[in-house]
Amino acid sequence: MIDSIKSLAQQFADDAVATRRHLHAHPELSFHEYQTARYVADQLKAIGLTPQEGVANTGVVALIEGRKPGPTSHRVVGLRADMDALPIHEANNVPYKSTVEGVMHACGHDVHTASLLTTARILNTLRDEFSGTVKLVFQPAEEKAPGGASLMIADGVLQNPAPVGMLGQHVAPNIPVGKIGFREGMYMASTDELYLTVRGKGGHGAMPDQLIDPVLIASHIIVALQQIISRNRPPASPSVLSFGRFIADGVTNVIPNEVKIEGTFRCMNEEWREEGLRRMQKLAEGMAEAMGGSCEFTRVKGYPFLQNHPELTRRTRASAVAYMGAENVVDLDLWMAGEDFAFYSQVVDSCFYRLGTRNESRGIVSGVHTPTFDIDESALTVGPGLMAWLAVEELGNK
């Protein structure tokens with residue numbers, strides 16, 4: 001089966017690249033993937049599948065049912081790709097450069113979608129050779145809360161039929177093309193956005209005794225909140241608290257009435273996540289009050305932490321070694337970025353792995369979410385074939 005899959009992956013490689021380039025040139029933002037979803041559905045129909053469109057509005061789902069009788073014919077495995085782009089102006093000078101001003105596939109979702117479409121072609125060609133069902137999940141809005149995965153789940157994507165496991169892959173610009181990365185257990189962080197408004201009484205900077213300085217209060221709050229991480233966090237639980245926006249719209253001699261602060265809190269423990277946020281709000285509000293002002297603390301809840309199921313990940317990693325060779329399968333470190341695939345991992349056994357796309361000799365080294373992100377497109381021979389093999393192997397697991 002490996003040889004057949006590798007042969008088909010090579011046979012479909014040019015089409016995979018063409019698909020990726022089409023998607024890259026026509027990006028759509030989260031919750032607006034209308035043309036992308038239509039394109040995906042048309043591609044699935046072209047190979048004889050019957051896609052379900054409009055799942056969570058712009059999601060697409062399809063089934064490939066293996067025809068080989070066997071004791072595992074009841075098993076269902078889900079394969080997921082995300083489809084949305086980012087509000088970034090592309091700086092690459094390539095033939096497939098984004099044609100949409102200020103919108104770019106800077107996180108590789110064009111790669112994920114093209115790869116899964118090609119995986120579908122491989123599996124559909126080989127459906128007489130395996131038992132069980134593959135559920136193809138083309139998901140919108142990974143980049144924007146509340147996350148397309150949560151909406152897909154609410155719309156029943158994990159039912160009728162229910163997968164025993166979900167697999168997802170993501171480009172990795174820090175891993176050389178031709179290699180794959182795995183990590184068991186905790187892998188990616190939960191993500192919450194924090195919005196604080198600190199209010200006081202502004203006025204002339206030369207008369208601080210007549211003011212309640214929200215700039216000073218906000219500064220103390222930012223410094224003090226870091227002690228929540230250093231003194232209240234369980235030592236074995238990774239956490240990050242960062243503030244990237246501080247707006248005190250005064251001038252050299254004018255203290256404003258209020259200060260706006262925006263930041264992010266990330267961790268890998270759901271109980272500590274809630275406890276940490278509770279402590280942060282209490283500290284911020286209490287400190288502002290003690291200094292004569294007030295603080296409005298707002299949390300926009302993001303994604304949960306991503307947990308790779310240990311047994312499923314071990315099996316998947318072993319299958320990847322069989323497909324690619326041990327020298328091309330690497331271990332991943334914890335990553336404090338967020339990913340809404342985590343919603344699947346909270347409901348069903350899941351494995352989220354990384355597809356190497358880096359090629360230093362060609363200058364393909366930029367990170368995701370940057371205007372110069374690109375990939376070595378030979379990854380589109382590796383990714384589809386590997387995912388097809390992983391699905392077949394997992395379907396055969398008793």
# chains A, B, ... in the order shown; residues from 1 in each chain; ligands from 1
>>> select_by_dssp(residues="segment 5-125 of chain A", states="strand (DSSP E or B)", output="PyMOL selection string")
chain A and resi 29+52-55+59-65+76-82+85-86+104
>>> write_last_selection(atoms="all heavy atoms", output="compact mmCIF listing (two decimals), in the first residue's frame")
# COMPACT_ATOMS: atom_id res chain seq x y z
N LEU A 29 -10.80 35.77 3.95
CA LEU A 29 -10.66 35.88 5.39
C LEU A 29 -11.61 34.94 6.12
O LEU A 29 -12.55 34.38 5.54
CB LEU A 29 -10.92 37.32 5.82
CG LEU A 29 -9.88 38.36 5.36
CD1 LEU A 29 -10.34 39.76 5.74
CD2 LEU A 29 -8.51 38.06 5.96
N GLN A 52 -20.87 17.56 1.52
CA GLN A 52 -21.89 18.30 2.27
C GLN A 52 -21.39 19.73 2.42
O GLN A 52 -20.36 19.98 3.06
CB GLN A 52 -22.12 17.66 3.64
CG GLN A 52 -23.13 18.39 4.52
CD GLN A 52 -23.20 17.81 5.92
OE1 GLN A 52 -22.50 16.85 6.25
NE2 GLN A 52 -24.06 18.40 6.75
N GLU A 53 -22.09 20.66 1.84
CA GLU A 53 -21.66 22.05 1.87
C GLU A 53 -22.43 22.83 2.92
O GLU A 53 -23.47 22.41 3.41
CB GLU A 53 -21.87 22.68 0.49
CG GLU A 53 -21.12 21.96 -0.63
CD GLU A 53 -21.38 22.55 -1.99
OE1 GLU A 53 -21.09 23.73 -2.20
OE2 GLU A 53 -21.91 21.81 -2.86
N GLY A 54 -21.88 23.98 3.30
CA GLY A 54 -22.56 24.86 4.23
C GLY A 54 -22.49 24.44 5.68
O GLY A 54 -23.25 24.94 6.51
N VAL A 55 -21.58 23.54 6.03
CA VAL A 55 -21.40 23.16 7.43
C VAL A 55 -20.73 24.34 8.14
O VAL A 55 -19.69 24.83 7.69
CB VAL A 55 -20.54 21.89 7.56
CG1 VAL A 55 -20.44 21.47 9.02
CG2 VAL A 55 -21.11 20.77 6.71
N GLY A 59 -18.05 25.65 5.74
CA GLY A 59 -17.31 24.40 5.82
C GLY A 59 -17.82 23.38 4.82
O GLY A 59 -18.96 23.43 4.36
N VAL A 60 -16.95 22.43 4.48
CA VAL A 60 -17.29 21.36 3.53
C VAL A 60 -16.84 20.03 4.14
O VAL A 60 -15.73 19.92 4.67
CB VAL A 60 -16.59 21.56 2.17
CG1 VAL A 60 -16.97 20.45 1.20
CG2 VAL A 60 -16.95 22.93 1.58
N VAL A 61 -17.71 19.03 4.06
CA VAL A 61 -17.41 17.70 4.60
C VAL A 61 -17.74 16.66 3.54
O VAL A 61 -18.73 16.78 2.81
CB VAL A 61 -18.23 17.42 5.88
CG1 VAL A 61 -17.96 16.01 6.40
CG2 VAL A 61 -17.92 18.46 6.96
N ALA A 62 -16.90 15.64 3.43
CA ALA A 62 -17.16 14.55 2.48
C ALA A 62 -16.66 13.24 3.06
O ALA A 62 -15.77 13.23 3.93
CB ALA A 62 -16.49 14.83 1.13
N LEU A 63 -17.22 12.14 2.58
CA LEU A 63 -16.85 10.81 3.05
C LEU A 63 -16.25 10.01 1.90
O LEU A 63 -16.73 10.08 0.76
CB LEU A 63 -18.06 10.07 3.60
CG LEU A 63 -18.80 10.70 4.78
CD1 LEU A 63 -20.03 9.87 5.12
CD2 LEU A 63 -17.89 10.84 5.99
N ILE A 64 -15.21 9.24 2.22
CA ILE A 64 -14.67 8.23 1.31
C ILE A 64 -14.80 6.89 2.01
O ILE A 64 -14.15 6.66 3.04
CB ILE A 64 -13.20 8.50 0.95
CG1 ILE A 64 -13.07 9.87 0.27
CG2 ILE A 64 -12.66 7.41 0.02
CD1 ILE A 64 -11.63 10.26 -0.04
N GLU A 65 -15.63 6.03 1.49
CA GLU A 65 -15.90 4.75 2.13
C GLU A 65 -15.09 3.65 1.46
O GLU A 65 -15.24 3.40 0.26
CB GLU A 65 -17.39 4.44 2.06
CG GLU A 65 -18.24 5.46 2.81
CD GLU A 65 -19.73 5.22 2.65
OE1 GLU A 65 -20.11 4.49 1.71
OE2 GLU A 65 -20.51 5.75 3.46
N VAL A 76 -14.09 5.00 11.55
CA VAL A 76 -14.10 6.26 10.82
C VAL A 76 -12.96 7.12 11.33
O VAL A 76 -12.77 7.27 12.55
CB VAL A 76 -15.43 7.03 11.01
CG1 VAL A 76 -15.42 8.34 10.22
CG2 VAL A 76 -16.61 6.17 10.61
N VAL A 77 -12.18 7.67 10.43
CA VAL A 77 -11.09 8.57 10.78
C VAL A 77 -11.33 9.92 10.11
O VAL A 77 -11.66 9.98 8.92
CB VAL A 77 -9.72 8.01 10.35
CG1 VAL A 77 -8.62 9.04 10.53
CG2 VAL A 77 -9.40 6.76 11.15
N GLY A 78 -11.18 11.00 10.87
CA GLY A 78 -11.36 12.34 10.34
C GLY A 78 -10.04 12.97 9.96
O GLY A 78 -9.05 12.85 10.68
N LEU A 79 -10.02 13.64 8.82
CA LEU A 79 -8.86 14.40 8.35
C LEU A 79 -9.28 15.84 8.17
O LEU A 79 -10.26 16.13 7.49
CB LEU A 79 -8.33 13.84 7.02
CG LEU A 79 -8.03 12.35 6.95
CD1 LEU A 79 -7.53 11.98 5.56
CD2 LEU A 79 -7.01 11.95 8.01
N ARG A 80 -8.55 16.76 8.76
CA ARG A 80 -8.97 18.16 8.75
C ARG A 80 -7.98 19.07 8.04
O ARG A 80 -6.77 18.93 8.17
CB ARG A 80 -9.17 18.63 10.19
CG ARG A 80 -9.49 20.11 10.36
CD ARG A 80 -8.23 20.93 10.57
NE ARG A 80 -8.49 22.15 11.31
CZ ARG A 80 -7.56 22.94 11.80
NH1 ARG A 80 -6.29 22.64 11.64
NH2 ARG A 80 -7.87 24.04 12.46
N ALA A 81 -8.53 20.03 7.28
CA ALA A 81 -7.75 21.13 6.72
C ALA A 81 -8.51 22.42 6.96
O ALA A 81 -9.74 22.44 6.89
CB ALA A 81 -7.52 20.93 5.22
N ASP A 82 -7.81 23.50 7.27
CA ASP A 82 -8.44 24.81 7.41
C ASP A 82 -8.25 25.61 6.12
O ASP A 82 -7.34 25.37 5.35
CB ASP A 82 -7.89 25.57 8.62
CG ASP A 82 -6.38 25.39 8.82
OD1 ASP A 82 -5.71 24.91 7.89
OD2 ASP A 82 -5.88 25.72 9.90
N ALA A 85 -7.60 32.72 5.28
CA ALA A 85 -6.36 33.47 5.14
C ALA A 85 -6.29 34.56 6.20
O ALA A 85 -7.18 34.68 7.06
CB ALA A 85 -6.27 34.07 3.74
N LEU A 86 -5.24 35.39 6.12
CA LEU A 86 -4.99 36.42 7.13
C LEU A 86 -5.03 37.81 6.51
O LEU A 86 -4.75 37.99 5.33
CB LEU A 86 -3.61 36.19 7.76
CG LEU A 86 -3.50 35.04 8.75
CD1 LEU A 86 -2.05 34.63 8.92
CD2 LEU A 86 -4.11 35.43 10.09
N MET A 104 -3.84 37.51 2.61
CA MET A 104 -2.77 36.59 2.19
C MET A 104 -2.88 35.26 2.93
O MET A 104 -3.20 35.23 4.13
CB MET A 104 -1.41 37.22 2.47
CG MET A 104 -0.22 36.33 2.17
SD MET A 104 1.33 37.02 2.80
CE MET A 104 2.46 35.67 2.44
>>> residues_around(residues="Val171 of chain A", least_positions_apart="2", cutoff="12 Å", atoms="only C-alpha atoms", output="number ranges by chain")
A: 81-82, 105-113, 115, 168-169, 173-181, 352-358, 366-369, 373-377, 379-380, 382-383
>>> residues_around(residues="Ile229 of chain A", least_positions_apart="4", cutoff="8 Å", atoms="only C-alpha atoms", output="short mmCIF file (atom, residue, chain, number, x, y, z; two decimals) with C-alpha atoms, in the first residue's frame")
data_model
loop_
_atom_site.label_atom_id
_atom_site.label_comp_id
_atom_site.auth_asym_id
_atom_site.auth_seq_id
_atom_site.Cartn_x
_atom_site.Cartn_y
_atom_site.Cartn_z
CA LEU A 225 0.04 40.95 36.67
CA ARG A 233 1.09 29.35 38.30
CA SER A 239 2.04 29.92 30.78
CA VAL A 240 2.61 33.18 28.93
CA LEU A 241 1.14 36.60 29.68
CA GLY A 276 -5.24 32.57 36.48
#
>>> select_by_dssp(residues="segment 64-205 of chain A", states="helix (DSSP H, G or I)", output="list in words")
His109, Asp110, Val111, His112, Thr113, Ala114, Ser115, Leu116, Leu117, Thr118, Thr119, Ala120, Arg121, Ile122, Leu123, Asn124, Thr125, Arg127, Asp128, Glu129, Gly148, Ala149, Ser150, Leu151, Met152, Ile153 and Ala154 of chain A
>>> write_last_selection(atoms="N, CA and C atoms", output="PDB file, in the first residue's frame")
ATOM      1  N   HIS A 109      -2.714  27.762   5.069  1.00  0.00           N
ATOM      2  CA  HIS A 109      -3.988  27.061   4.951  1.00  0.00           C
ATOM      3  C   HIS A 109      -4.289  26.676   3.507  1.00  0.00           C
ATOM      4  N   ASP A 110      -3.707  27.412   2.564  1.00  0.00           N
ATOM      5  CA  ASP A 110      -3.810  27.004   1.165  1.00  0.00           C
ATOM      6  C   ASP A 110      -3.118  25.667   0.949  1.00  0.00           C
ATOM      7  N   VAL A 111      -2.000  25.470   1.643  1.00  0.00           N
ATOM      8  CA  VAL A 111      -1.266  24.201   1.579  1.00  0.00           C
ATOM      9  C   VAL A 111      -2.094  23.083   2.200  1.00  0.00           C
ATOM     10  N   HIS A 112      -2.673  23.358   3.356  1.00  0.00           N
ATOM     11  CA  HIS A 112      -3.470  22.340   4.050  1.00  0.00           C
ATOM     12  C   HIS A 112      -4.652  21.885   3.192  1.00  0.00           C
ATOM     13  N   THR A 113      -5.333  22.860   2.568  1.00  0.00           N
ATOM     14  CA  THR A 113      -6.496  22.528   1.749  1.00  0.00           C
ATOM     15  C   THR A 113      -6.096  21.766   0.495  1.00  0.00           C
ATOM     16  N   ALA A 114      -5.048  22.238  -0.179  1.00  0.00           N
ATOM     17  CA  ALA A 114      -4.575  21.548  -1.386  1.00  0.00           C
ATOM     18  C   ALA A 114      -4.102  20.146  -1.045  1.00  0.00           C
ATOM     19  N   SER A 115      -3.444  20.002   0.094  1.00  0.00           N
ATOM     20  CA  SER A 115      -2.947  18.697   0.508  1.00  0.00           C
ATOM     21  C   SER A 115      -4.095  17.731   0.771  1.00  0.00           C
ATOM     22  N   LEU A 116      -5.133  18.195   1.490  1.00  0.00           N
ATOM     23  CA  LEU A 116      -6.241  17.291   1.799  1.00  0.00           C
ATOM     24  C   LEU A 116      -7.045  16.938   0.548  1.00  0.00           C
ATOM     25  N   LEU A 117      -7.171  17.878  -0.376  1.00  0.00           N
ATOM     26  CA  LEU A 117      -7.838  17.558  -1.638  1.00  0.00           C
ATOM     27  C   LEU A 117      -7.071  16.467  -2.394  1.00  0.00           C
ATOM     28  N   THR A 118      -5.749  16.553  -2.342  1.00  0.00           N
ATOM     29  CA  THR A 118      -4.932  15.543  -3.012  1.00  0.00           C
ATOM     30  C   THR A 118      -4.982  14.214  -2.269  1.00  0.00           C
ATOM     31  N   THR A 119      -5.007  14.276  -0.935  1.00  0.00           N
ATOM     32  CA  THR A 119      -5.202  13.062  -0.143  1.00  0.00           C
ATOM     33  C   THR A 119      -6.511  12.388  -0.523  1.00  0.00           C
ATOM     34  N   ALA A 120      -7.548  13.195  -0.735  1.00  0.00           N
ATOM     35  CA  ALA A 120      -8.847  12.646  -1.140  1.00  0.00           C
ATOM     36  C   ALA A 120      -8.731  11.920  -2.478  1.00  0.00           C
ATOM     37  N   ARG A 121      -7.990  12.467  -3.411  1.00  0.00           N
ATOM     38  CA  ARG A 121      -7.810  11.819  -4.712  1.00  0.00           C
ATOM     39  C   ARG A 121      -7.092  10.479  -4.564  1.00  0.00           C
ATOM     40  N   ILE A 122      -6.068  10.474  -3.700  1.00  0.00           N
ATOM     41  CA  ILE A 122      -5.316   9.233  -3.476  1.00  0.00           C
ATOM     42  C   ILE A 122      -6.215   8.167  -2.869  1.00  0.00           C
ATOM     43  N   LEU A 123      -6.915   8.527  -1.799  1.00  0.00           N
ATOM     44  CA  LEU A 123      -7.753   7.548  -1.096  1.00  0.00           C
ATOM     45  C   LEU A 123      -8.926   7.098  -1.950  1.00  0.00           C
ATOM     46  N   ASN A 124      -9.481   7.999  -2.711  1.00  0.00           N
ATOM     47  CA  ASN A 124     -10.602   7.625  -3.570  1.00  0.00           C
ATOM     48  C   ASN A 124     -10.156   6.640  -4.649  1.00  0.00           C
ATOM     49  N   THR A 125      -8.930   6.807  -5.123  1.00  0.00           N
ATOM     50  CA  THR A 125      -8.378   5.887  -6.117  1.00  0.00           C
ATOM     51  C   THR A 125      -8.157   4.497  -5.528  1.00  0.00           C
ATOM     52  N   ARG A 127      -9.809   3.118  -2.852  1.00  0.00           N
ATOM     53  CA  ARG A 127     -10.865   2.747  -1.909  1.00  0.00           C
ATOM     54  C   ARG A 127     -11.163   1.248  -1.903  1.00  0.00           C
ATOM     55  N   ASP A 128     -10.802   0.520  -2.954  1.00  0.00           N
ATOM     56  CA  ASP A 128     -10.981  -0.932  -2.949  1.00  0.00           C
ATOM     57  C   ASP A 128      -9.939  -1.631  -2.080  1.00  0.00           C
ATOM     58  N   GLU A 129      -8.920  -0.875  -1.635  1.00  0.00           N
ATOM     59  CA  GLU A 129      -7.793  -1.486  -0.925  1.00  0.00           C
ATOM     60  C   GLU A 129      -7.844  -1.299   0.591  1.00  0.00           C
ATOM     61  N   GLY A 148     -13.488  28.202  13.732  1.00  0.00           N
ATOM     62  CA  GLY A 148     -14.357  27.388  12.896  1.00  0.00           C
ATOM     63  C   GLY A 148     -14.530  25.975  13.401  1.00  0.00           C
ATOM     64  N   ALA A 149     -13.513  25.439  14.086  1.00  0.00           N
ATOM     65  CA  ALA A 149     -13.622  24.073  14.605  1.00  0.00           C
ATOM     66  C   ALA A 149     -14.769  23.958  15.600  1.00  0.00           C
ATOM     67  N   SER A 150     -14.898  24.944  16.487  1.00  0.00           N
ATOM     68  CA  SER A 150     -15.979  24.884  17.478  1.00  0.00           C
ATOM     69  C   SER A 150     -17.337  24.929  16.800  1.00  0.00           C
ATOM     70  N   LEU A 151     -17.439  25.703  15.717  1.00  0.00           N
ATOM     71  CA  LEU A 151     -18.710  25.808  14.999  1.00  0.00           C
ATOM     72  C   LEU A 151     -18.997  24.539  14.199  1.00  0.00           C
ATOM     73  N   MET A 152     -17.954  23.937  13.642  1.00  0.00           N
ATOM     74  CA  MET A 152     -18.130  22.675  12.922  1.00  0.00           C
ATOM     75  C   MET A 152     -18.612  21.582  13.874  1.00  0.00           C
ATOM     76  N   ILE A 153     -18.036  21.545  15.068  1.00  0.00           N
ATOM     77  CA  ILE A 153     -18.443  20.550  16.063  1.00  0.00           C
ATOM     78  C   ILE A 153     -19.896  20.776  16.460  1.00  0.00           C
ATOM     79  N   ALA A 154     -20.263  22.043  16.686  1.00  0.00           N
ATOM     80  CA  ALA A 154     -21.643  22.362  17.047  1.00  0.00           C
ATOM     81  C   ALA A 154     -22.612  21.990  15.928  1.00  0.00           C
TER      82      ALA A 154
END
>>> closest_residue(among="A:Ile364, A:Leu306, A:Ala337, A:Leu390", to="Arg183 of chain A", atoms="only C-alpha atoms")
A:Leu306
>>> closest_residue(among="A:Lys135, A:Val223, A:Gly292, A:Asn359", to="Met166 of chain A", atoms="only C-alpha atoms")
A:Lys135
>>> atom_distance(atom1="atom CA of Gly385 of chain A", atom2="atom CA of Lys97 of chain A")
26.0 Å
>>> atom_distance(atom1="atom CA of Val330 of chain A", atom2="atom CA of Ala391 of chain A")
19.7 Å
>>> closest_residue(among="A:His74, A:Thr316, A:Pro235, A:Thr197", to="Ala284 of chain A", atoms="only C-alpha atoms")
A:Thr197
>>> residues_around(residues="Ala218 of chain A", least_positions_apart="4", cutoff="7 Å", atoms="only C-alpha atoms", output="MDAnalysis selection string")
chainID A and resid 198 214 222 259
>>> write_last_selection(atoms="C-alpha atoms", output="tab-separated table (two decimals), in the first residue's frame")
chain	number	residue	atom	x	y	z
A	198	VAL	CA	-8.00	51.87	33.28
A	214	PRO	CA	-4.39	56.26	34.84
A	222	ILE	CA	1.00	45.48	33.91
A	259	VAL	CA	-5.63	54.05	29.28
>>> atom_distance(atom1="atom CA of Pro234 of chain A", atom2="atom CA of Glu275 of chain A")
10.8 Å
